[in-house]
file model34.cif (mmCIF, C-alpha atoms, pLDDT in the B column; chains and numbers go by the auth columns)
data_work
#
loop_
_atom_site.group_PDB
_atom_site.id
_atom_site.type_symbol
_atom_site.label_atom_id
_atom_site.label_comp_id
_atom_site.label_asym_id
_atom_site.label_seq_id
_atom_site.Cartn_x
_atom_site.Cartn_y
_atom_site.Cartn_z
_atom_site.B_iso_or_equiv
_atom_site.auth_seq_id
_atom_site.auth_asym_id
ATOM 1 C CA MET A 1 -37.038 27.196 19.065 55.00 1067 N
ATOM 2 C CA ALA A 2 -33.823 25.143 19.066 46.00 1068 N
ATOM 3 C CA THR A 3 -35.773 22.024 20.005 47.00 1069 N
ATOM 4 C CA ALA A 4 -38.239 22.613 17.173 51.00 1070 N
ATOM 5 C CA LYS A 5 -35.401 22.990 14.656 45.00 1071 N
ATOM 6 C CA LEU A 6 -33.782 19.806 15.905 39.00 1072 N
ATOM 7 C CA GLU A 7 -37.055 17.895 15.590 49.00 1073 N
ATOM 8 C CA LEU A 8 -37.548 19.265 12.064 45.00 1074 N
ATOM 9 C CA TYR A 9 -34.010 18.206 11.132 38.00 1075 N
ATOM 10 C CA LEU A 10 -34.507 14.698 12.507 38.00 1076 N
ATOM 11 C CA LEU A 11 -37.783 14.431 10.579 44.00 1077 N
ATOM 12 C CA PHE A 12 -36.002 15.457 7.378 39.00 1078 N
ATOM 13 C CA VAL A 13 -33.232 12.883 7.959 35.00 1079 N
ATOM 14 C CA SER A 14 -35.814 10.166 8.599 41.00 1080 N
ATOM 15 C CA ILE A 15 -37.766 10.964 5.428 38.00 1081 N
ATOM 16 C CA SER A 16 -34.542 11.140 3.388 36.00 1082 N
ATOM 17 C CA SER A 17 -33.477 7.732 4.615 37.00 1083 N
ATOM 18 C CA LEU A 18 -36.781 6.281 3.410 39.00 1084 N
ATOM 19 C CA PHE A 19 -36.396 7.645 -0.115 37.00 1085 N
ATOM 20 C CA PHE A 20 -32.618 7.196 -0.513 36.00 1086 N
ATOM 21 C CA PRO A 21 -31.712 4.092 1.530 39.00 1087 N
ATOM 22 C CA ALA A 22 -29.818 2.386 -1.257 39.00 1088 N
ATOM 23 C CA LEU A 23 -27.975 5.407 -2.591 36.00 1089 N
ATOM 24 C CA SER A 24 -24.900 4.881 -0.431 41.00 1090 N
ATOM 25 C CA SER A 25 -25.234 1.112 -0.148 43.00 1091 N
ATOM 26 C CA ILE A 26 -25.008 0.428 -3.901 43.00 1092 N
ATOM 27 C CA THR A 27 -21.381 1.448 -4.133 49.00 1093 N
ATOM 28 C CA THR A 28 -20.522 -0.023 -0.742 57.00 1094 N
ATOM 29 C CA SER A 29 -22.096 -3.339 -1.729 74.00 1095 N
ATOM 30 C CA ALA A 30 -20.163 -3.401 -5.012 81.00 1096 N
ATOM 31 C CA THR A 31 -16.959 -2.633 -3.148 87.00 1097 N
ATOM 32 C CA ASP A 32 -17.675 -5.371 -0.617 90.00 1098 N
ATOM 33 C CA VAL A 33 -18.287 -7.880 -3.415 91.00 1099 N
ATOM 34 C CA TRP A 34 -14.953 -6.969 -5.018 93.00 1100 N
ATOM 35 C CA CYS A 35 -13.224 -7.157 -1.631 95.00 1101 N
ATOM 36 C CA ASP A 36 -14.683 -10.637 -1.104 95.00 1102 N
ATOM 37 C CA GLU A 37 -12.785 -11.725 -4.223 94.00 1103 N
ATOM 38 C CA THR A 38 -9.439 -10.785 -2.647 96.00 1104 N
ATOM 39 C CA PRO A 39 -7.327 -13.066 -0.436 97.00 1105 N
ATOM 40 C CA ASN A 40 -7.878 -10.727 2.554 97.00 1106 N
ATOM 41 C CA PRO A 41 -11.372 -9.177 2.371 96.00 1107 N
ATOM 42 C CA GLY A 42 -11.369 -7.865 5.953 96.00 1108 N
ATOM 43 C CA PRO A 43 -8.750 -5.108 5.638 96.00 1109 N
ATOM 44 C CA CYS A 44 -9.935 -4.425 2.087 96.00 1110 N
ATOM 45 C CA LYS A 45 -13.462 -3.593 3.278 94.00 1111 N
ATOM 46 C CA TYR A 46 -12.208 -1.671 6.277 94.00 1112 N
ATOM 47 C CA TYR A 47 -10.022 0.753 4.344 93.00 1113 N
ATOM 48 C CA MET A 48 -12.316 1.051 1.331 90.00 1114 N
ATOM 49 C CA ASN A 49 -15.171 2.065 3.594 87.00 1115 N
ATOM 50 C CA GLN A 50 -13.077 4.836 5.152 86.00 1116 N
ATOM 51 C CA PHE A 51 -13.616 6.882 1.990 78.00 1117 N
ATOM 52 C CA PRO A 52 -16.608 9.204 1.614 77.00 1118 N
ATOM 53 C CA LYS A 53 -19.324 7.392 -0.351 73.00 1119 N
ATOM 54 C CA ASN A 54 -18.953 9.597 -3.416 73.00 1120 N
ATOM 55 C CA TYR A 55 -15.256 8.681 -3.646 74.00 1121 N
ATOM 56 C CA LEU A 56 -15.721 4.920 -3.484 77.00 1122 N
ATOM 57 C CA PRO A 57 -14.782 3.097 -6.714 83.00 1123 N
ATOM 58 C CA LYS A 58 -17.682 2.525 -9.050 83.00 1124 N
ATOM 59 C CA GLN A 59 -15.770 0.438 -11.605 88.00 1125 N
ATOM 60 C CA LYS A 60 -13.419 -2.503 -11.201 87.00 1126 N
ATOM 61 C CA SER A 61 -10.557 -0.523 -12.731 89.00 1127 N
ATOM 62 C CA ASP A 62 -11.009 2.215 -10.116 91.00 1128 N
ATOM 63 C CA PHE A 63 -11.154 -0.442 -7.397 93.00 1129 N
ATOM 64 C CA LYS A 64 -7.774 -1.689 -8.564 93.00 1130 N
ATOM 65 C CA LYS A 65 -6.254 1.790 -8.424 92.00 1131 N
ATOM 66 C CA TRP A 66 -7.666 2.474 -4.977 93.00 1132 N
ATOM 67 C CA SER A 67 -6.277 -0.862 -3.753 95.00 1133 N
ATOM 68 C CA LEU A 68 -2.842 0.220 -4.899 96.00 1134 N
ATOM 69 C CA GLN A 69 -3.274 3.610 -3.259 94.00 1135 N
ATOM 70 C CA ILE A 70 -4.347 2.068 0.045 95.00 1136 N
ATOM 71 C CA ALA A 71 -1.377 -0.323 0.007 97.00 1137 N
ATOM 72 C CA LEU A 72 0.962 2.618 -0.594 96.00 1138 N
ATOM 73 C CA ASP A 73 -0.621 4.697 2.160 96.00 1139 N
ATOM 74 C CA ARG A 74 -0.430 1.904 4.726 96.00 1140 N
ATOM 75 C CA ALA A 75 3.146 1.043 3.739 97.00 1141 N
ATOM 76 C CA PHE A 76 4.145 4.639 4.379 97.00 1142 N
ATOM 77 C CA HIS A 77 2.402 4.627 7.768 96.00 1143 N
ATOM 78 C CA ALA A 78 4.121 1.336 8.634 97.00 1144 N
ATOM 79 C CA ALA A 79 7.502 2.769 7.647 97.00 1145 N
ATOM 80 C CA VAL A 80 6.939 5.817 9.851 97.00 1146 N
ATOM 81 C CA HIS A 81 5.957 3.571 12.750 97.00 1147 N
ATOM 82 C CA THR A 82 8.956 1.290 12.199 97.00 1148 N
ATOM 83 C CA ASN A 83 11.287 4.281 12.014 97.00 1149 N
ATOM 84 C CA GLY A 84 10.172 5.298 15.495 97.00 1150 N
ATOM 85 C CA LEU A 85 11.105 1.881 16.905 97.00 1151 N
ATOM 86 C CA GLY A 86 14.839 2.391 16.326 97.00 1152 N
ATOM 87 C CA PRO A 87 15.612 3.757 19.801 97.00 1153 N
ATOM 88 C CA LYS A 88 13.816 0.774 21.361 97.00 1154 N
ATOM 89 C CA CYS A 89 16.254 -1.784 19.933 97.00 1155 N
ATOM 90 C CA ARG A 90 17.873 -3.569 22.866 97.00 1156 N
ATOM 91 C CA ASN A 91 20.992 -4.948 21.193 97.00 1157 N
ATOM 92 C CA GLU A 92 23.049 -4.878 18.007 97.00 1158 N
ATOM 93 C CA LYS A 93 21.183 -7.773 16.402 97.00 1159 N
ATOM 94 C CA GLU A 94 17.821 -6.068 16.809 97.00 1160 N
ATOM 95 C CA LYS A 95 19.284 -2.819 15.541 97.00 1161 N
ATOM 96 C CA ALA A 96 20.758 -4.544 12.469 98.00 1162 N
ATOM 97 C CA ALA A 97 17.461 -6.258 11.615 98.00 1163 N
ATOM 98 C CA TRP A 98 15.567 -3.007 12.184 98.00 1164 N
ATOM 99 C CA ALA A 99 17.970 -1.040 9.946 98.00 1165 N
ATOM 100 C CA ASP A 100 17.556 -3.604 7.164 98.00 1166 N
ATOM 101 C CA CYS A 101 13.766 -3.326 7.480 98.00 1167 N
ATOM 102 C CA MET A 102 13.921 0.442 7.105 98.00 1168 N
ATOM 103 C CA VAL A 103 15.766 0.056 3.800 97.00 1169 N
ATOM 104 C CA LEU A 104 13.286 -2.596 2.681 97.00 1170 N
ATOM 105 C CA TYR A 105 10.323 -0.399 3.610 98.00 1171 N
ATOM 106 C CA GLU A 106 11.780 2.496 1.636 97.00 1172 N
ATOM 107 C CA ASN A 107 12.181 0.217 -1.377 97.00 1173 N
ATOM 108 C CA THR A 108 8.599 -1.002 -0.916 97.00 1174 N
ATOM 109 C CA ILE A 109 7.285 2.572 -0.923 97.00 1175 N
ATOM 110 C CA LEU A 110 9.280 3.404 -4.041 96.00 1176 N
ATOM 111 C CA GLN A 111 7.951 0.327 -5.831 96.00 1177 N
ATOM 112 C CA LEU A 112 4.356 1.065 -4.842 96.00 1178 N
ATOM 113 C CA ASN A 113 4.859 4.658 -5.939 95.00 1179 N
ATOM 114 C CA GLN A 114 5.847 3.338 -9.355 94.00 1180 N
ATOM 115 C CA THR A 115 2.495 1.593 -9.771 94.00 1181 N
ATOM 116 C CA LEU A 116 0.648 4.903 -9.344 93.00 1182 N
ATOM 117 C CA ASP A 117 3.049 7.384 -10.920 91.00 1183 N
ATOM 118 C CA PRO A 118 1.070 9.064 -13.744 87.00 1184 N
ATOM 119 C CA SER A 119 4.290 9.963 -15.543 87.00 1185 N
ATOM 120 C CA THR A 120 5.184 6.278 -15.893 83.00 1186 N
ATOM 121 C CA LYS A 121 3.363 4.261 -18.552 82.00 1187 N
ATOM 122 C CA CYS A 122 3.143 0.950 -16.755 86.00 1188 N
ATOM 123 C CA THR A 123 1.444 -2.213 -17.917 90.00 1189 N
ATOM 124 C CA ASP A 124 -0.278 -4.748 -15.690 91.00 1190 N
ATOM 125 C CA PHE A 125 2.864 -6.866 -15.989 93.00 1191 N
ATOM 126 C CA ASP A 126 4.969 -3.962 -14.672 94.00 1192 N
ATOM 127 C CA VAL A 127 2.575 -3.497 -11.762 95.00 1193 N
ATOM 128 C CA GLN A 128 2.721 -7.207 -10.976 95.00 1194 N
ATOM 129 C CA THR A 129 6.518 -7.104 -10.937 96.00 1195 N
ATOM 130 C CA TRP A 130 6.660 -4.117 -8.578 96.00 1196 N
ATOM 131 C CA LEU A 131 4.004 -5.543 -6.254 97.00 1197 N
ATOM 132 C CA SER A 132 5.783 -8.896 -6.086 97.00 1198 N
ATOM 133 C CA ALA A 133 9.046 -7.138 -5.244 97.00 1199 N
ATOM 134 C CA ALA A 134 7.307 -5.053 -2.570 97.00 1200 N
ATOM 135 C CA LEU A 135 5.817 -8.173 -0.975 97.00 1201 N
ATOM 136 C CA THR A 136 9.211 -9.905 -1.054 97.00 1202 N
ATOM 137 C CA ASN A 137 10.748 -6.906 0.733 98.00 1203 N
ATOM 138 C CA LEU A 138 8.383 -7.317 3.670 97.00 1204 N
ATOM 139 C CA GLU A 139 9.002 -11.060 3.845 97.00 1205 N
ATOM 140 C CA THR A 140 12.759 -10.385 3.837 98.00 1206 N
ATOM 141 C CA CYS A 141 12.285 -7.866 6.635 98.00 1207 N
ATOM 142 C CA ARG A 142 10.632 -10.467 8.843 97.00 1208 N
ATOM 143 C CA ASP A 143 13.150 -13.160 7.883 97.00 1209 N
ATOM 144 C CA GLY A 144 15.977 -10.899 9.061 97.00 1210 N
ATOM 145 C CA PHE A 145 14.674 -10.937 12.623 97.00 1211 N
ATOM 146 C CA VAL A 146 14.099 -14.699 12.460 97.00 1212 N
ATOM 147 C CA GLU A 147 17.593 -15.425 11.162 97.00 1213 N
ATOM 148 C CA LEU A 148 19.183 -13.298 13.886 97.00 1214 N
ATOM 149 C CA GLY A 149 17.022 -14.917 16.559 97.00 1215 N
ATOM 150 C CA VAL A 150 15.444 -11.660 17.760 97.00 1216 N
ATOM 151 C CA THR A 151 11.719 -12.108 17.167 96.00 1217 N
ATOM 152 C CA ASP A 152 10.452 -11.456 20.695 95.00 1218 N
ATOM 153 C CA PHE A 153 10.359 -7.654 20.977 96.00 1219 N
ATOM 154 C CA ILE A 154 10.783 -5.296 18.017 97.00 1220 N
ATOM 155 C CA LEU A 155 9.175 -7.586 15.424 96.00 1221 N
ATOM 156 C CA PRO A 156 5.814 -7.852 17.252 96.00 1222 N
ATOM 157 C CA LEU A 157 5.791 -4.043 17.591 96.00 1223 N
ATOM 158 C CA MET A 158 6.066 -3.836 13.798 96.00 1224 N
ATOM 159 C CA SER A 159 2.879 -5.860 13.332 94.00 1225 N
ATOM 160 C CA ASN A 160 0.696 -4.464 10.520 95.00 1226 N
ATOM 161 C CA ASN A 161 -1.423 -5.480 7.548 95.00 1227 N
ATOM 162 C CA VAL A 162 0.665 -4.136 4.653 97.00 1228 N
ATOM 163 C CA SER A 163 1.491 -7.597 3.312 97.00 1229 N
ATOM 164 C CA LYS A 164 -2.218 -8.440 3.168 97.00 1230 N
ATOM 165 C CA LEU A 165 -3.021 -5.234 1.312 98.00 1231 N
ATOM 166 C CA ILE A 166 -0.231 -5.812 -1.208 98.00 1232 N
ATOM 167 C CA SER A 167 -1.393 -9.422 -1.650 97.00 1233 N
ATOM 168 C CA ASN A 168 -4.874 -8.079 -2.382 97.00 1234 N
ATOM 169 C CA ALA A 169 -3.487 -5.642 -4.941 97.00 1235 N
ATOM 170 C CA LEU A 170 -1.529 -8.491 -6.544 96.00 1236 N
ATOM 171 C CA ALA A 171 -4.661 -10.636 -6.836 96.00 1237 N
ATOM 172 C CA ILE A 172 -6.713 -7.752 -8.248 95.00 1238 N
ATOM 173 C CA ASN A 173 -4.051 -6.865 -10.784 93.00 1239 N
ATOM 174 C CA ASN A 174 -3.562 -10.494 -11.768 90.00 1240 N
ATOM 175 C CA ALA A 175 -7.298 -10.848 -12.426 82.00 1241 N
ATOM 176 C CA SER A 176 -7.336 -7.784 -14.679 66.00 1242 N
ATOM 177 C CA THR A 177 -8.827 -8.495 -18.089 42.00 1243 N
ATOM 178 C CA GLU A 178 -7.151 -5.493 -19.664 48.00 1244 N
ATOM 179 C CA PRO A 179 -4.108 -6.659 -21.646 45.00 1245 N
ATOM 180 C CA THR A 180 -2.340 -3.333 -21.304 39.00 1246 N
ATOM 181 C CA THR A 181 -3.276 -0.556 -18.917 39.00 1247 N
ATOM 182 C CA TYR A 182 -1.598 2.836 -18.947 35.00 1248 N
ATOM 183 C CA TYR A 183 -2.433 4.715 -15.781 38.00 1249 N
ATOM 184 C CA SER A 184 -1.288 8.025 -17.221 37.00 1250 N
ATOM 185 C CA ASP A 185 -4.532 8.199 -19.225 37.00 1251 N
ATOM 186 C CA GLY A 186 -7.076 7.570 -16.482 36.00 1252 N
ATOM 187 C CA PRO A 187 -8.079 9.213 -13.215 35.00 1253 N
ATOM 188 C CA GLN A 188 -4.933 10.196 -11.351 36.00 1254 N
ATOM 189 C CA LEU A 189 -4.990 9.282 -7.696 38.00 1255 N
ATOM 190 C CA ILE A 190 -1.509 10.552 -6.975 36.00 1256 N
ATOM 191 C CA ARG A 191 0.507 13.261 -8.655 34.00 1257 N
ATOM 192 C CA LYS A 192 4.257 13.104 -8.954 36.00 1258 N
ATOM 193 C CA LYS A 193 4.765 15.988 -6.575 36.00 1259 N
ATOM 194 C CA ASP A 194 2.481 14.281 -4.046 43.00 1260 N
ATOM 195 C CA GLN A 195 4.394 11.011 -3.968 48.00 1261 N
ATOM 196 C CA TYR A 196 5.575 9.791 -0.606 51.00 1262 N
ATOM 197 C CA ASP A 197 8.987 11.038 0.423 53.00 1263 N
ATOM 198 C CA THR A 198 10.915 8.160 1.978 49.00 1264 N
ATOM 199 C CA HIS A 199 13.511 10.576 3.354 49.00 1265 N
ATOM 200 C CA SER A 200 11.060 12.270 5.739 51.00 1266 N
ATOM 201 C CA LEU A 201 9.379 9.407 7.539 53.00 1267 N
ATOM 202 C CA GLN A 202 7.871 11.457 10.326 49.00 1268 N
ATOM 203 C CA MET A 203 4.339 11.554 11.689 42.00 1269 N
ATOM 204 C CA PRO A 204 2.706 13.384 14.616 40.00 1270 N
ATOM 205 C CA GLU A 205 2.369 11.229 17.728 43.00 1271 N
ATOM 206 C CA GLU A 206 -1.420 11.488 17.729 40.00 1272 N
ATOM 207 C CA THR A 207 -1.484 10.057 14.191 39.00 1273 N
ATOM 208 C CA GLN A 208 0.660 7.120 15.278 41.00 1274 N
ATOM 209 C CA GLU A 209 -1.661 6.423 18.206 42.00 1275 N
ATOM 210 C CA GLN A 210 -4.677 6.526 15.914 41.00 1276 N
ATOM 211 C CA ASP A 211 -2.913 4.252 13.439 43.00 1277 N
ATOM 212 C CA GLU A 212 -2.214 1.649 16.117 43.00 1278 N
ATOM 213 C CA SER A 213 -5.911 1.447 16.957 41.00 1279 N
ATOM 214 C CA HIS A 214 -6.882 0.024 13.565 41.00 1280 N
ATOM 215 C CA PRO A 215 -8.552 -3.376 13.862 40.00 1281 N
ATOM 216 C CA PHE A 216 -6.451 -4.961 11.120 39.00 1282 N
ATOM 217 C CA LEU A 217 -2.950 -4.375 12.463 38.00 1283 N
ATOM 218 C CA GLY A 218 -2.494 -7.943 13.631 38.00 1284 N
ATOM 219 C CA THR A 219 -0.508 -9.509 10.807 39.00 1285 N
ATOM 220 C CA LEU A 220 3.266 -9.459 11.019 39.00 1286 N
ATOM 221 C CA VAL A 221 4.677 -7.036 8.497 45.00 1287 N
#

call {"tool": "encode", "arguments": {"input": "model34.cif", "output": "structure tokens"}}
result
Amino acid sequence: MATAKLELYLLFVSISSLFFPALSSITTSATDVWCDETPNPGPCKYYMNQFPKNYLPKQKSDFKKWSLQIALDRAFHAAVHTNGLGPKCRNEKEKAAWADCMVLYENTILQLNQTLDPSTKCTDFDVQTWLSAALTNLETCRDGFVELGVTDFILPLMSNNVSKLISNALAINNASTEPTTYYSDGPQLIRKKDQYDTHSLQMPEETQEQDESHPFLGTLV
């Protein structure tokens, strides 16, 4: 009986795939095309395709908002990961550079939060300013290790793709044809009470291990 049910199910799946093969690929293809227009299409496609098909952006404006949301999410994960590296610092120089990076990551999260806060009426120019500042924070973080001559241990452990995702968001926002966009009027991806809390940068160990397995974690900060 169980075998018969399984065969019937497989037959149903096969028939469904014949009649609805393009249903999920339409949105994915559109997303891939938009990702190809960004400076870093690889991580863009990877994270966009993590969403269930019915949640993928169907319009360019939604694609822009999701790009901001992904950048914020990955920045928070990177900050959590970086926070856990503190005890591994081998000397005062590494610890000083690491401490500066933690402050810079917190500022980055706050700035990315601003771009998605529905209570803030922000224009594309505002978003561009906050994204540019966020990207500068990450560059300053890396420069701190370089200037102190401690790039061989902690810095490689902080490797991630947040800069690429923010660069993508910058390019998408810069290409926006809307002269003024107020995010408080459209679909809200993040509510004020759901914003990331930079004072509780903690994550279960299994989540950190899963995070480190992502295929696009190879770009320094």

call {"tool": "resolve_selection", "arguments": {"input": "model34.cif", "expression": "the PyMOL selection byres ((chain N and resi 1111) around 12)", "output": "PyMOL selection string"}}
result
chain N and resi 1093-1110+1112-1117+1122+1129+1132-1133+1136+1231+1234+1281-1282

call {"tool": "resolve_selection", "arguments": {"input": "model34.cif", "expression": "the PyMOL selection byres ((chain N and resi 1148-1159) around 9)", "output": "count of residues only"}}
result
24

call {"tool": "resolve_selection", "arguments": {"input": "model34.cif", "expression": "the PyMOL selection byres ((chain N and resi 1137) around 8)", "output": "list of chain:residue names"}}
result
N:Ser1133, N:Leu1134, N:Gln1135, N:Ile1136, N:Leu1138, N:Asp1139, N:Arg1140, N:Ala1141, N:Leu1178, N:Val1228, N:Leu1231, N:Ile1232, N:Ala1235

call {"tool": "atom_distance", "arguments": {"input": "model34.cif", "atom1": "atom CA of Thr1186 of chain N", "atom2": "atom CA of Ser1198 of chain N"}}
result
18.1 Å

call {"tool": "closest_residue", "arguments": {"input": "model34.cif", "among": "N:Ser1233, N:Thr1217, N:Ser1127, N:Ser1225", "to": "Trp1196 of chain N", "atoms": "all atoms listed in the file"}}
result
N:Ser1233

call {"tool": "axis_aligned_box", "arguments": {"input": "model34.cif", "around": "segment 1144-1163 of chain N", "padding_each_side": "3 Å", "output": "lines of an AutoDock Vina configuration file"}}
result
center_x = 13.6
center_y = -1.0
center_z = 15.3
size_x = 24.9
size_y = 19.6
size_z = 21.2

call {"tool": "residues_around", "arguments": {"input": "model34.cif", "residues": "Arg1208 of chain N", "least_positions_apart": "4", "cutoff": "9 Å", "atoms": "only C-alpha atoms", "output": "list in words"}}
result
Ala1163, Cys1167, Asn1203, Leu1204, Val1212, Glu1213, Thr1217, Leu1221, Leu1286 and Val1287 of chain N

call {"tool": "write_last_selection", "arguments": {"input": "model34.cif", "atoms": "C-alpha atoms", "output": "short mmCIF file (atom, residue, chain, number, x, y, z; two decimals), in the frame of the given file"}}
result
data_model
loop_
_atom_site.label_atom_id
_atom_site.label_comp_id
_atom_site.auth_asym_id
_atom_site.auth_seq_id
_atom_site.Cartn_x
_atom_site.Cartn_y
_atom_site.Cartn_z
CA ALA N 1163 17.46 -6.26 11.62
CA CYS N 1167 13.77 -3.33 7.48
CA ASN N 1203 10.75 -6.91 0.73
CA LEU N 1204 8.38 -7.32 3.67
CA VAL N 1212 14.10 -14.70 12.46
CA GLU N 1213 17.59 -15.42 11.16
CA THR N 1217 11.72 -12.11 17.17
CA LEU N 1221 9.18 -7.59 15.42
CA LEU N 1286 3.27 -9.46 11.02
CA VAL N 1287 4.68 -7.04 8.50
#

call {"tool": "atom_distance", "arguments": {"input": "model34.cif", "atom1": "atom CA of Asp1166 of chain N", "atom2": "atom CA of Gly1210 of chain N"}}
result
7.7 Å

call {"tool": "closest_residue", "arguments": {"input": "model34.cif", "among": "N:Ala1199, N:Val1193, N:Cys1188, N:Val1169", "to": "Asn1240 of chain N", "atoms": "only C-alpha atoms"}}
result
N:Val1193

call {"tool": "atom_distance", "arguments": {"input": "model34.cif", "atom1": "atom CA of Gln1194 of chain N", "atom2": "atom CA of Gln1125 of chain N"}}
result
20.0 Å
